[in-house]
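Notes follow once the structure below has been shown.
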Amino acid sequence: MKSRLYQQYMETVRPALMKKREYGNSHQIPVIEKIVINMGVSASLEKSALDDAVKDLGIISGRKPVINKARKSVANFKLRQGQSIGCRVTLRRDAMYEFFDRLVAAALPRIRDFRGVSSRSFDGRGSYSLGVADQSIFPEIDLDKIKRHQGMDITIVTTAATDDEAYDLLKLMGMPFAGGR
């Protein structure tokens with residue numbers, strides 16, 4: 001069975017975009033392609049910081065994170081080549097829609113003094129990036145077991161050609177934007 005958000009996309013969002021943008025072909029309608037979640041961990045912290053980040057990201061996404069390693073040594077940052085510096089997860093299809101649904105419906109409204117996400121965080125090619133300052137906004141994380149607060153970057157990659165098309169897609173999917181575009 002498909003997720004609730006995917007059914008909403010097929011039943012309401014696609015026809016609304018087709019009507020608003022007047023696409024000639026149904027394949028021109030933008031769709032969310034993937035969601036990439038990235039957690040960077042300071043190289044100066046102990047090794048358990050990376051293990052905690054991997055555990056938390058695995059709980060949030062439902063997938064096992066890939067550990068990122070440094071490509072170059074940078075002396076000013078006390079960074080050595082091959083040192084573990086973060087983790088990431090790429091979500092597609094059903095897992096992507098489930099995560100997006102939890103992000104929009106449960107996690108973002110839990111941010112203190114939340115008034116919406118910025119509508120200026122598009123990259124020019126239809127992808128949207130969002131920074132979350134704390135992993136504790138997700139309901140899956142047990143607040144008693146958090147050792148350190150860790151932020152994350154969430155990138156939503158769409159097939160939209162322009163930022164306006166991606167904005168319309170995400171707005172119809174339920175993304176709570178702060179201001180108009």
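Convention: chains lettered A, B, ... in structure tokens order; per-chain residue numbering from 1; ligands numbered from 1 as shown.
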
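The list of residues with at least one atom within 7 Å of region 95-105 of chain A, based on only C-alpha atoms and without residues fewer than 5 positions apart in the same chain, reads Ser3, Leu5, Tyr6, Lys34, Ile35, Ser61, Gly174 and Met175 of chain A.
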
Exercise. Name the residues in contact with region 49-51 of chain A at a cut-off of 8 Å, using only C-alpha atoms, excluding same-chain residues fewer than 6 positions from it; report them as a PyMOL selection string.
Key: chain A and resi 41+84-87+148

Just N, CA and C atoms for this one: save the residues we selected as a short mmCIF file (atom, residue, chain, number, x, y, z; two decimals), in the first residue's frame.
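Contents of the output file part_8.cif:
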```cif
data_model
loop_
_atom_site.label_atom_id
_atom_site.label_comp_id
_atom_site.auth_asym_id
_atom_site.auth_seq_id
_atom_site.Cartn_x
_atom_site.Cartn_y
_atom_site.Cartn_z
N VAL A 41 29.51 16.03 11.69
CA VAL A 41 30.00 15.93 13.06
C VAL A 41 31.39 16.55 13.10
N SER A 84 36.48 10.20 9.70
CA SER A 84 35.02 10.24 9.61
C SER A 84 34.53 11.60 10.10
N ILE A 85 33.71 12.27 9.26
CA ILE A 85 33.27 13.62 9.61
C ILE A 85 31.75 13.79 9.55
N GLY A 86 31.00 12.76 9.26
CA GLY A 86 29.55 12.90 9.20
C GLY A 86 28.90 11.66 8.63
N CYS A 87 27.58 11.75 8.45
CA CYS A 87 26.84 10.64 7.87
C CYS A 87 25.67 11.19 7.06
N ARG A 148 24.08 14.63 22.99
CA ARG A 148 24.42 15.94 22.46
C ARG A 148 23.41 16.30 21.37
#
```

Quiz item: What separation in Å, quoted to one decimal, exists between CA of Ala106 (chain A) and CA of Gln135 (chain A)?
Solution: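 According to the coordinates, CA of Ala106 (chain A) and CA of Gln135 (chain A) are separated by 12.7 Å.
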
Glu165 (chain A) environment, 8 Å, only C-alpha atoms, sequence neighbours closer than 5 positions dropped, as a PDB file with N, CA, C and O atoms, in the first residue's frame:
```pdb
ATOM      1  N   PRO A  30       6.249  18.190 -12.246  1.00  0.00           N
ATOM      2  CA  PRO A  30       7.358  17.885 -11.338  1.00  0.00           C
ATOM      3  C   PRO A  30       6.964  16.892 -10.251  1.00  0.00           C
ATOM      4  O   PRO A  30       5.811  16.824  -9.839  1.00  0.00           O
ATOM      5  N   GLY A 126      15.436  23.827  -8.851  1.00  0.00           N
ATOM      6  CA  GLY A 126      14.266  23.104  -8.368  1.00  0.00           C
ATOM      7  C   GLY A 126      14.481  22.265  -7.123  1.00  0.00           C
ATOM      8  O   GLY A 126      13.580  21.556  -6.708  1.00  0.00           O
ATOM      9  N   ALA A 160      11.563  19.445 -11.027  1.00  0.00           N
ATOM     10  CA  ALA A 160      11.118  20.736 -11.541  1.00  0.00           C
ATOM     11  C   ALA A 160      12.274  21.467 -12.224  1.00  0.00           C
ATOM     12  O   ALA A 160      13.413  21.414 -11.758  1.00  0.00           O
TER      13      ALA A 160
END
```

Quiz item: What is the distance between CA of Gly40 (chain A) and CA of Gly131 (chain A), in Å to one decimal?
Solution: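 Taking CA of Gly40 (chain A) and CA of Gly131 (chain A), their separation equals 11.6 Å.
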
Quiz item: Using the chain letters and numbers from this document, which residues of region 47-166 of chain A does DSSP assign to helix (DSSP H, G or I), as a ChimeraX atom specification?
Solution: /A:47-61,75-77,93-110,135-137,143-145,163-166

Quiz item: region 9-21 of chain A: which residues within 9 Å, counting only C-alpha atoms, same-chain residues fewer than 5 positions away excluded, as a list in words?
Solution: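 Residues near the query, excluding close chain neighbours: Arg4, Ser26, Gln28, Ile29, Pro30, Val31, Glu165, Asp168, Leu169, Leu172 and Met173 of chain A.
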
Quiz item: In Å, how far is it from CA of Val132 (chain A) to CA of Gln7 (chain A)?
Solution: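 For CA of Val132 (chain A) relative to CA of Gln7 (chain A), the distance reads 26.9 Å.
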
Quiz item: Quick one: of A:Asp123, A:Glu140, A:Asn76, A:Pro109, who's nearest to Leu57 (chain A), counting only C-alpha atoms?
Solution: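 Checking each candidate against Leu57 (chain A), we get A:Glu140 as the closest.
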
Exercise. Apply DSSP to the backbone of this structure and, from region 21-167 of chain A, keep only the residues in strand (DSSP E or B); write these as a count of residues only.
Key: 37

Quiz prompt | Pick from A:Asp164, A:Asp94, A:Arg125, A:Val89 nearest to Ile59 (chain A), counting only C-alpha atoms | solution =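 Closest candidate: A:Val89.
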